[in-house]
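Asks: So I've got this file, upload02.txt, and it contains compact mmCIF, C-alpha atoms:
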```txt
# COMPACT_ATOMS: atom_id res chain seq x y z
CA MET N 1 35.73 -102.70 4.50
CA THR N 2 35.21 -99.25 2.99
CA ARG N 3 36.91 -96.50 4.99
CA LYS N 4 34.93 -93.36 5.69
CA PRO N 5 36.17 -90.12 4.13
CA ASN N 6 38.31 -87.65 6.05
CA HIS N 7 35.78 -85.12 7.34
CA GLY N 8 36.69 -81.55 8.24
CA LEU N 9 36.29 -79.48 11.39
CA ARG N 10 32.79 -78.34 10.44
CA GLU N 11 31.49 -81.94 10.43
CA ILE N 12 33.31 -82.74 13.70
CA ALA N 13 31.75 -79.67 15.32
CA ARG N 14 28.27 -80.73 14.12
CA VAL N 15 28.65 -84.29 15.45
CA ALA N 16 30.08 -83.09 18.77
CA GLY N 17 27.45 -80.37 19.15
CA VAL N 18 29.98 -77.53 19.47
CA SER N 19 31.05 -74.55 17.39
CA LYS N 20 33.71 -74.90 14.72
CA SER N 21 36.07 -72.64 16.71
CA THR N 22 35.70 -74.88 19.77
CA ALA N 23 36.44 -77.98 17.70
CA SER N 24 39.51 -76.21 16.30
CA ARG N 25 40.78 -75.36 19.81
CA VAL N 26 40.48 -78.98 20.91
CA ILE N 27 42.14 -80.44 17.80
CA SER N 28 45.02 -77.93 17.81
CA GLY N 29 45.48 -78.06 21.58
CA ASN N 30 45.39 -74.25 21.81
CA GLY N 31 42.86 -72.51 24.01
CA TYR N 32 40.47 -73.64 26.71
CA ALA N 33 37.81 -76.34 26.46
CA SER N 34 36.24 -78.30 29.29
CA ALA N 35 37.12 -81.97 29.77
CA GLU N 36 33.60 -82.99 28.74
CA VAL N 37 33.77 -80.93 25.52
CA LYS N 38 37.26 -82.27 24.70
CA GLU N 39 36.01 -85.81 25.06
CA ARG N 40 33.06 -85.21 22.72
CA VAL N 41 35.20 -83.53 20.07
CA LEU N 42 37.90 -86.20 20.16
CA GLN N 43 35.35 -88.99 19.96
CA ALA N 44 33.73 -87.28 16.97
CA ALA N 45 37.15 -86.86 15.30
CA GLU N 46 37.94 -90.54 15.80
CA ALA N 47 34.56 -91.66 14.52
CA LEU N 48 34.94 -89.51 11.41
CA HIS N 49 38.55 -90.62 10.83
CA TYR N 50 39.69 -87.01 10.92
CA LYS N 51 43.27 -86.28 9.87
CA PRO N 52 44.27 -82.63 10.23
CA ASN N 53 45.78 -81.09 7.14
CA ALA N 54 49.46 -80.38 7.85
CA VAL N 55 49.39 -76.93 6.24
CA ALA N 56 46.24 -75.94 8.12
CA ARG N 57 47.69 -77.21 11.38
CA ALA N 58 50.88 -75.19 10.78
CA MET N 59 48.80 -72.05 10.20
CA VAL N 60 46.99 -72.57 13.50
CA THR N 61 49.90 -73.69 15.69
CA LYS N 62 52.71 -71.85 13.85
CA ARG N 63 54.58 -75.16 13.80
CA THR N 64 55.18 -77.78 11.10
CA TYR N 65 56.22 -80.60 13.47
CA ASN N 66 59.20 -81.18 11.21
CA LEU N 67 62.79 -81.32 12.45
CA GLY N 68 65.92 -80.96 10.36
CA VAL N 69 69.04 -83.04 10.93
CA ILE N 70 72.30 -82.25 9.10
CA VAL N 71 75.34 -84.52 9.30
CA PHE N 72 78.48 -82.55 8.49
CA ARG N 73 81.03 -85.14 7.42
CA GLU N 74 83.52 -84.70 4.60
CA LYS N 75 84.37 -88.34 3.88
CA PRO N 76 82.19 -91.46 3.81
CA PRO N 77 80.77 -93.36 5.53
CA ILE N 78 78.21 -90.81 6.60
CA VAL N 79 74.76 -92.15 7.50
CA SER N 80 76.15 -95.70 7.49
CA HIS N 81 78.90 -94.72 9.94
CA PRO N 82 78.61 -97.19 12.86
CA LEU N 83 78.47 -94.44 15.51
CA TYR N 84 76.62 -91.67 13.67
CA GLY N 85 74.18 -94.20 12.25
CA LYS N 86 73.25 -95.25 15.77
CA ILE N 87 72.80 -91.64 16.89
CA ILE N 88 70.63 -90.84 13.87
CA ASP N 89 68.50 -93.96 14.45
CA GLU N 90 67.78 -92.78 17.98
CA ILE N 91 66.98 -89.26 16.75
CA LEU N 92 64.42 -90.76 14.36
CA PHE N 93 62.86 -92.97 17.06
CA ALA N 94 62.66 -90.13 19.59
CA SER N 95 61.26 -87.71 17.01
CA GLU N 96 58.50 -90.13 16.01
CA ALA N 97 57.57 -90.67 19.65
CA ARG N 98 57.11 -86.90 20.06
CA GLY N 99 55.07 -86.48 16.87
CA TYR N 100 57.81 -85.04 14.67
CA SER N 101 58.83 -85.94 11.14
CA VAL N 102 62.50 -85.59 10.21
CA PHE N 103 64.30 -84.19 7.17
CA LEU N 104 67.79 -85.68 7.07
CA LYS N 105 70.55 -84.03 5.03
CA THR N 106 74.26 -84.67 4.72
CA ASP N 107 76.81 -81.99 3.98
CA ARG N 108 80.28 -83.03 2.79
CA GLU N 109 81.35 -79.53 1.75
CA MET N 110 80.64 -77.83 5.09
CA SER N 111 78.49 -75.38 3.12
CA LEU N 112 75.15 -73.64 3.74
CA ARG N 113 73.18 -75.48 1.05
CA SER N 114 71.80 -78.17 3.34
CA THR N 115 70.87 -75.53 5.89
CA ASP N 116 69.06 -73.51 3.22
CA PHE N 117 67.09 -76.57 2.10
CA LEU N 118 65.85 -77.26 5.63
CA LEU N 119 65.00 -73.62 6.25
CA GLU N 120 62.88 -73.75 3.08
CA GLN N 121 60.99 -76.71 4.57
CA ARG N 122 60.04 -74.48 7.53
CA VAL N 123 61.39 -76.96 10.08
CA ASP N 124 60.70 -76.18 13.73
CA GLY N 125 64.31 -76.81 14.75
CA LEU N 126 67.69 -78.17 13.68
CA ILE N 127 70.08 -80.83 15.00
CA LEU N 128 73.60 -80.27 13.66
CA VAL N 129 75.74 -83.40 13.85
CA SER N 130 79.54 -83.67 13.88
CA ARG N 131 82.14 -81.09 12.92
CA LEU N 132 80.89 -77.85 11.39
CA GLN N 133 82.21 -74.40 10.66
CA LYS N 134 81.29 -71.28 12.59
CA ASN N 135 79.63 -69.73 9.53
CA VAL N 136 76.87 -72.36 9.75
CA ILE N 137 76.06 -71.40 13.34
CA ASP N 138 76.15 -67.68 12.52
CA TYR N 139 73.83 -68.29 9.56
CA VAL N 140 71.27 -70.32 11.54
CA LYS N 141 71.21 -67.73 14.32
CA LYS N 142 70.05 -65.06 11.85
CA PHE N 143 66.75 -66.90 11.45
CA HIS N 144 66.13 -67.29 15.20
CA LEU N 145 65.50 -70.99 14.68
CA PRO N 146 65.99 -73.36 17.64
CA TYR N 147 68.99 -75.63 17.11
CA LEU N 148 71.64 -77.61 18.94
CA MET N 149 74.86 -79.51 18.19
CA VAL N 150 75.71 -83.19 18.59
CA ASN N 151 79.28 -84.50 18.88
CA GLY N 152 80.81 -81.15 18.02
CA SER N 153 82.30 -78.25 19.92
CA THR N 154 82.03 -74.49 19.72
CA ASP N 155 83.22 -71.41 21.58
CA ASP N 156 79.78 -69.84 21.21
CA PRO N 157 78.31 -69.75 24.76
CA ASP N 158 74.74 -69.72 23.45
CA VAL N 159 74.90 -73.10 21.70
CA ILE N 160 73.57 -76.25 23.36
CA HIS N 161 75.83 -79.16 22.52
CA LEU N 162 75.73 -82.82 23.48
CA VAL N 163 79.05 -84.63 23.55
CA SER N 164 80.74 -87.73 24.87
CA ASN N 165 83.41 -87.03 27.51
CA ASP N 166 86.14 -88.29 25.20
CA GLU N 167 89.12 -86.98 27.12
CA THR N 168 88.07 -88.87 30.25
CA GLY N 169 87.35 -91.94 28.10
CA GLY N 170 90.88 -91.80 26.69
CA ALA N 171 92.30 -91.56 30.20
CA ARG N 172 90.27 -94.58 31.30
CA ALA N 173 91.61 -96.53 28.32
CA ALA N 174 95.19 -95.76 29.42
CA GLU N 175 94.49 -96.71 33.03
CA TYR N 176 92.93 -99.99 31.98
CA LEU N 177 95.79 -101.11 29.76
CA TYR N 178 98.36 -99.98 32.30
CA GLY N 179 96.50 -101.94 34.97
CA LEU N 180 96.84 -105.07 32.84
CA GLY N 181 100.62 -104.64 33.06
CA HIS N 182 101.36 -103.06 29.68
CA ARG N 183 104.25 -100.58 29.46
CA GLN N 184 104.83 -100.32 25.67
CA PHE N 185 101.95 -98.64 23.81
CA PHE N 186 101.30 -98.31 20.08
CA VAL N 187 98.56 -95.81 19.16
CA ILE N 188 96.77 -95.23 15.85
CA ALA N 189 95.00 -91.87 16.08
CA GLY N 190 92.29 -90.67 13.72
CA PRO N 191 92.13 -87.15 12.23
CA VAL N 192 93.15 -84.57 14.85
CA GLU N 193 90.78 -81.98 13.36
CA HIS N 194 87.91 -84.13 14.64
CA ARG N 195 87.03 -83.28 18.22
CA SER N 196 86.52 -86.89 19.31
CA HIS N 197 89.80 -88.27 17.99
CA SER N 198 91.78 -85.32 19.33
CA LEU N 199 90.35 -85.51 22.86
CA ARG N 200 90.62 -89.29 23.09
CA LEU N 201 94.29 -89.12 22.17
CA THR N 202 94.91 -86.23 24.56
CA GLY N 203 93.29 -88.06 27.47
CA PHE N 204 95.18 -91.28 26.72
CA LEU N 205 98.62 -89.63 26.47
CA ARG N 206 98.09 -87.33 29.45
CA ARG N 207 97.14 -90.22 31.72
CA LEU N 208 100.13 -92.29 30.61
CA GLU N 209 102.40 -89.34 31.34
CA GLN N 210 100.94 -89.15 34.83
CA LEU N 211 101.82 -92.84 35.15
CA GLY N 212 105.40 -92.14 34.06
CA LEU N 213 105.19 -93.17 30.38
CA SER N 214 105.61 -90.86 27.39
CA GLU N 215 106.46 -90.62 23.71
CA GLN N 216 109.82 -89.06 24.62
CA SER N 217 110.80 -92.10 26.69
CA GLY N 218 109.95 -94.46 23.83
CA ALA N 219 107.17 -96.15 25.78
CA VAL N 220 104.50 -94.68 23.50
CA ARG N 221 104.41 -94.45 19.70
CA VAL N 222 101.62 -92.45 18.04
CA ILE N 223 100.81 -93.04 14.38
CA PRO N 224 98.51 -90.33 12.96
CA SER N 225 95.87 -91.40 10.46
CA PRO N 226 94.15 -89.10 7.94
CA GLU N 227 90.97 -91.22 8.10
CA SER N 228 89.29 -93.45 10.65
CA SER N 229 88.21 -96.42 8.53
CA PHE N 230 88.86 -100.17 8.65
CA ASP N 231 91.10 -99.96 5.57
CA THR N 232 93.14 -97.14 7.07
CA GLY N 233 93.69 -99.09 10.29
CA PHE N 234 94.87 -102.08 8.27
CA GLN N 235 97.18 -99.95 6.12
CA ARG N 236 98.69 -98.05 9.06
CA MET N 237 99.50 -101.25 10.89
CA GLU N 238 100.86 -102.82 7.73
CA LYS N 239 103.18 -99.87 7.10
CA HIS N 240 104.55 -99.85 10.65
CA PHE N 241 104.42 -103.57 11.41
CA SER N 242 108.21 -104.05 11.37
CA ASP N 243 108.76 -101.31 13.94
CA PHE N 244 105.79 -102.54 15.93
CA ARG N 245 107.44 -105.93 16.38
CA LYS N 246 110.99 -104.61 16.66
CA TYR N 247 110.26 -102.38 19.65
CA GLY N 248 108.03 -104.89 21.42
CA TYR N 249 104.79 -102.98 21.79
CA THR N 250 102.34 -105.07 23.79
CA ALA N 251 99.25 -102.84 23.68
CA LEU N 252 97.48 -101.22 20.73
CA PHE N 253 95.03 -98.38 21.32
CA THR N 254 93.08 -96.71 18.52
CA THR N 255 90.78 -93.71 18.69
CA ASN N 256 87.85 -95.58 17.16
CA ASP N 257 86.77 -99.19 16.68
CA MET N 258 87.08 -99.29 12.89
CA LEU N 259 90.77 -98.41 13.09
CA ALA N 260 91.18 -101.11 15.75
CA LEU N 261 89.42 -103.78 13.68
CA GLY N 262 91.50 -102.97 10.61
CA ALA N 263 94.77 -103.04 12.56
CA MET N 264 93.74 -106.23 14.35
CA LYS N 265 93.01 -107.92 11.00
CA LEU N 266 96.59 -107.22 9.87
CA LEU N 267 98.01 -108.52 13.15
CA LEU N 268 95.99 -111.72 12.92
CA ASP N 269 96.99 -112.18 9.27
CA ARG N 270 100.64 -111.94 10.36
CA GLY N 271 100.15 -114.59 13.01
CA VAL N 272 100.19 -112.30 16.06
CA GLN N 273 98.25 -113.78 18.98
CA ILE N 274 95.67 -111.47 20.51
CA PRO N 275 95.70 -110.78 23.44
CA GLN N 276 98.58 -113.13 24.41
CA GLU N 277 101.15 -111.08 22.49
CA VAL N 278 99.30 -107.84 21.89
CA ALA N 279 96.21 -106.41 23.59
CA VAL N 280 93.92 -104.34 21.35
CA LEU N 281 91.55 -101.63 22.60
CA GLY N 282 89.25 -99.52 20.42
CA TYR N 283 86.73 -96.76 21.08
CA ASP N 284 82.99 -96.33 20.26
CA ASP N 285 81.59 -99.78 21.16
CA ILE N 286 80.11 -100.46 17.72
CA GLU N 287 78.18 -103.70 17.19
CA LEU N 288 80.73 -105.10 14.75
CA GLY N 289 83.31 -105.22 17.53
CA ARG N 290 81.26 -107.80 19.42
CA MET N 291 80.97 -109.99 16.31
CA TYR N 292 84.69 -110.07 15.60
CA SER N 293 86.94 -112.91 16.74
CA PRO N 294 88.51 -112.16 19.09
CA SER N 295 85.79 -109.76 20.20
CA LEU N 296 87.04 -106.19 20.54
CA SER N 297 87.55 -104.50 23.89
CA THR N 298 86.52 -100.88 23.59
CA VAL N 299 85.39 -97.67 25.27
CA THR N 300 81.69 -96.83 25.20
CA VAL N 301 79.89 -93.88 23.66
CA ASP N 302 76.27 -93.38 24.75
CA ALA N 303 74.89 -92.98 21.22
CA VAL N 304 71.36 -93.85 22.34
CA GLY N 305 71.36 -91.26 25.11
CA ILE N 306 72.85 -88.59 22.85
CA GLY N 307 70.26 -89.10 20.10
CA ARG N 308 67.32 -89.35 22.49
CA ASP N 309 68.31 -86.31 24.55
CA ALA N 310 69.03 -84.21 21.46
CA VAL N 311 65.38 -84.50 20.43
CA GLU N 312 64.12 -83.90 23.97
CA LEU N 313 66.20 -80.75 24.39
CA LEU N 314 65.33 -79.43 20.93
CA ASP N 315 61.64 -79.98 21.68
CA LYS N 316 62.05 -77.91 24.85
CA LEU N 317 63.81 -75.18 22.89
CA ILE N 318 60.98 -75.12 20.36
CA ARG N 319 58.45 -74.83 23.19
CA GLY N 320 60.37 -71.88 24.59
CA GLU N 321 61.56 -73.47 27.81
CA ALA N 322 64.34 -71.56 29.54
CA ASP N 323 67.35 -72.50 31.70
CA LEU N 324 68.39 -75.46 29.58
CA PRO N 325 71.97 -76.76 29.96
CA LYS N 326 74.45 -75.52 27.36
CA LEU N 327 76.72 -78.55 27.67
CA VAL N 328 75.52 -82.13 28.15
CA GLU N 329 78.35 -84.65 28.58
CA TYR N 330 78.09 -88.44 28.55
CA GLU N 331 80.57 -90.61 30.40
CA SER N 332 82.58 -93.33 28.66
CA TYR N 333 83.69 -96.62 30.18
CA VAL N 334 85.90 -99.52 29.18
CA VAL N 335 84.14 -102.67 27.95
CA LYS N 336 86.37 -105.71 28.50
CA ARG N 337 86.32 -108.39 25.83
CA GLN N 338 88.62 -111.00 24.29
CA SER N 339 91.08 -108.66 22.55
CA THR N 340 92.53 -107.61 25.91
CA GLU N 341 91.62 -110.35 28.36
CA GLY N 342 91.24 -113.56 26.36
CA LYS N 343 88.20 -115.82 26.55
CA GLU N 344 84.97 -114.26 27.75
```
Now that the file is in, can you turn its structure into structure tokens?
Replies:
Amino acid sequence: MTRKPNHGLREIARVAGVSKSTASRVISGNGYASAEVKERVLQAAEALHYKPNAVARAMVTKRTYNLGVIVFREKPPIVSHPLYGKIIDEILFASEARGYSVFLKTDREMSLRSTDFLLEQRVDGLILVSRLQKNVIDYVKKFHLPYLMVNGSTDDPDVIHLVSNDETGGARAAEYLYGLGHRQFFVIAGPVEHRSHSLRLTGFLRRLEQLGLSEQSGAVRVIPSPESSFDTGFQRMEKHFSDFRKYGYTALFTTNDMLALGAMKLLLDRGVQIPQEVAVLGYDDIELGRMYSPSLSTVTVDAVGIGRDAVELLDKLIRGEADLPKLVEYESYVVKRQSTEGKE
């Protein structure tokens, strides 16, 4: 079937029996038109297969209906990261549902180049993901462009940021393992310069101290890790395996799931029974953890809620809504699986 050509506003106005300016008001959504007139114009637009030109629409509405997303992450994986990938997926879904297109950029150098690119695209707003330097925020503010942060922190009181309550999640991890009867804890902690890893470790150690266990007493051993990958978890456990067995640690906690899966692989390769000899608890609740055998117990991060709400709040900022929250926190909870409690 031959598709009809894309007619302009003049033809829509003629078919609907209204002026061109009235047709423009209805199509753009700006200005008054009666319900009866709106219906006629929209029916005419549908019949004529009208698609508004993006540039023309931007001139009328002063908006491009494009959003910019920048992931600031120095080392891979970036977009394929199990947690950030899930957040970005939800940002894309939520943006599409609200009529936005998305420009996605990654920035490994923590520079301003990605920001400049998106500013050149005349995006309506920015979502800044992960750790970033203050100069980026200062730069964006110069252009008076709506923006917010995801999974990062800042001392700037004007910035809206959406974060998981990682310190509380770390504390809940400690309480859970303690409640299972564990008193000797081995911890592999990801890069402390990352907000999430730092707060998860802080919450875990602080809660154990409240329960009477500390690094000083020998009940807790923390192994810092420069990265948070599967390979790094495997290598850290391999390097410290002799001490791990010598001092009888019965619980392993890591500040993300990939570290846990890597460390657990080494333990299984060495014949350690999980959870009979050692309980393993990760953090992030990535899908791969459920597929592993034994399946990985973990602490949740509401990646879907974070991604969805980031778009909703940015849309409100773009529309000029006031009194929006500056900090949105998402609670984290322990998910019990085979690596801590045996058969499901």
Asks: Enter the distance from CA of Ser217 (chain N) to CA of Leu252 (chain N), in Å, rounded to one decimal.
Replies: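 For CA of Ser217 (chain N) relative to CA of Leu252 (chain N), the distance reads 17.2 Å.
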Asks: I want to know what sits within 9 Å of Arg122 (chain N), based on only C-alpha atoms, with residues of the same chain fewer than 5 positions away left out; could you give that as a VMD selection string?
Replies: chain N and resid 63 to 64 66 to 67
Asks: Between N:Arg108, N:Lys86, N:Arg195, N:Arg14, which one has atoms that come closest to Ala44 (chain N), using only C-alpha atoms?
Replies: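 Ranked by minimum distance to Ala44 (chain N), first place goes to N:Arg14.
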Asks: Can you tell me which residues surround Gly248 (chain N) at a distance of at most 10 Å, considering only C-alpha atoms, apart from same-chain residues fewer than 5 positions away, and format the answer as a ChimeraX atom specification?
Replies: /N:183-186,219,243,277-278
Asks: Could you check the closest approach to Glu46 (chain N) for each of N:Leu288, N:Gly271, N:Gly8, N:Pro325 and tell me which residue wins, using all atoms listed in the file?
Replies: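 Selected residue with least distance to Glu46 (chain N): N:Gly8.
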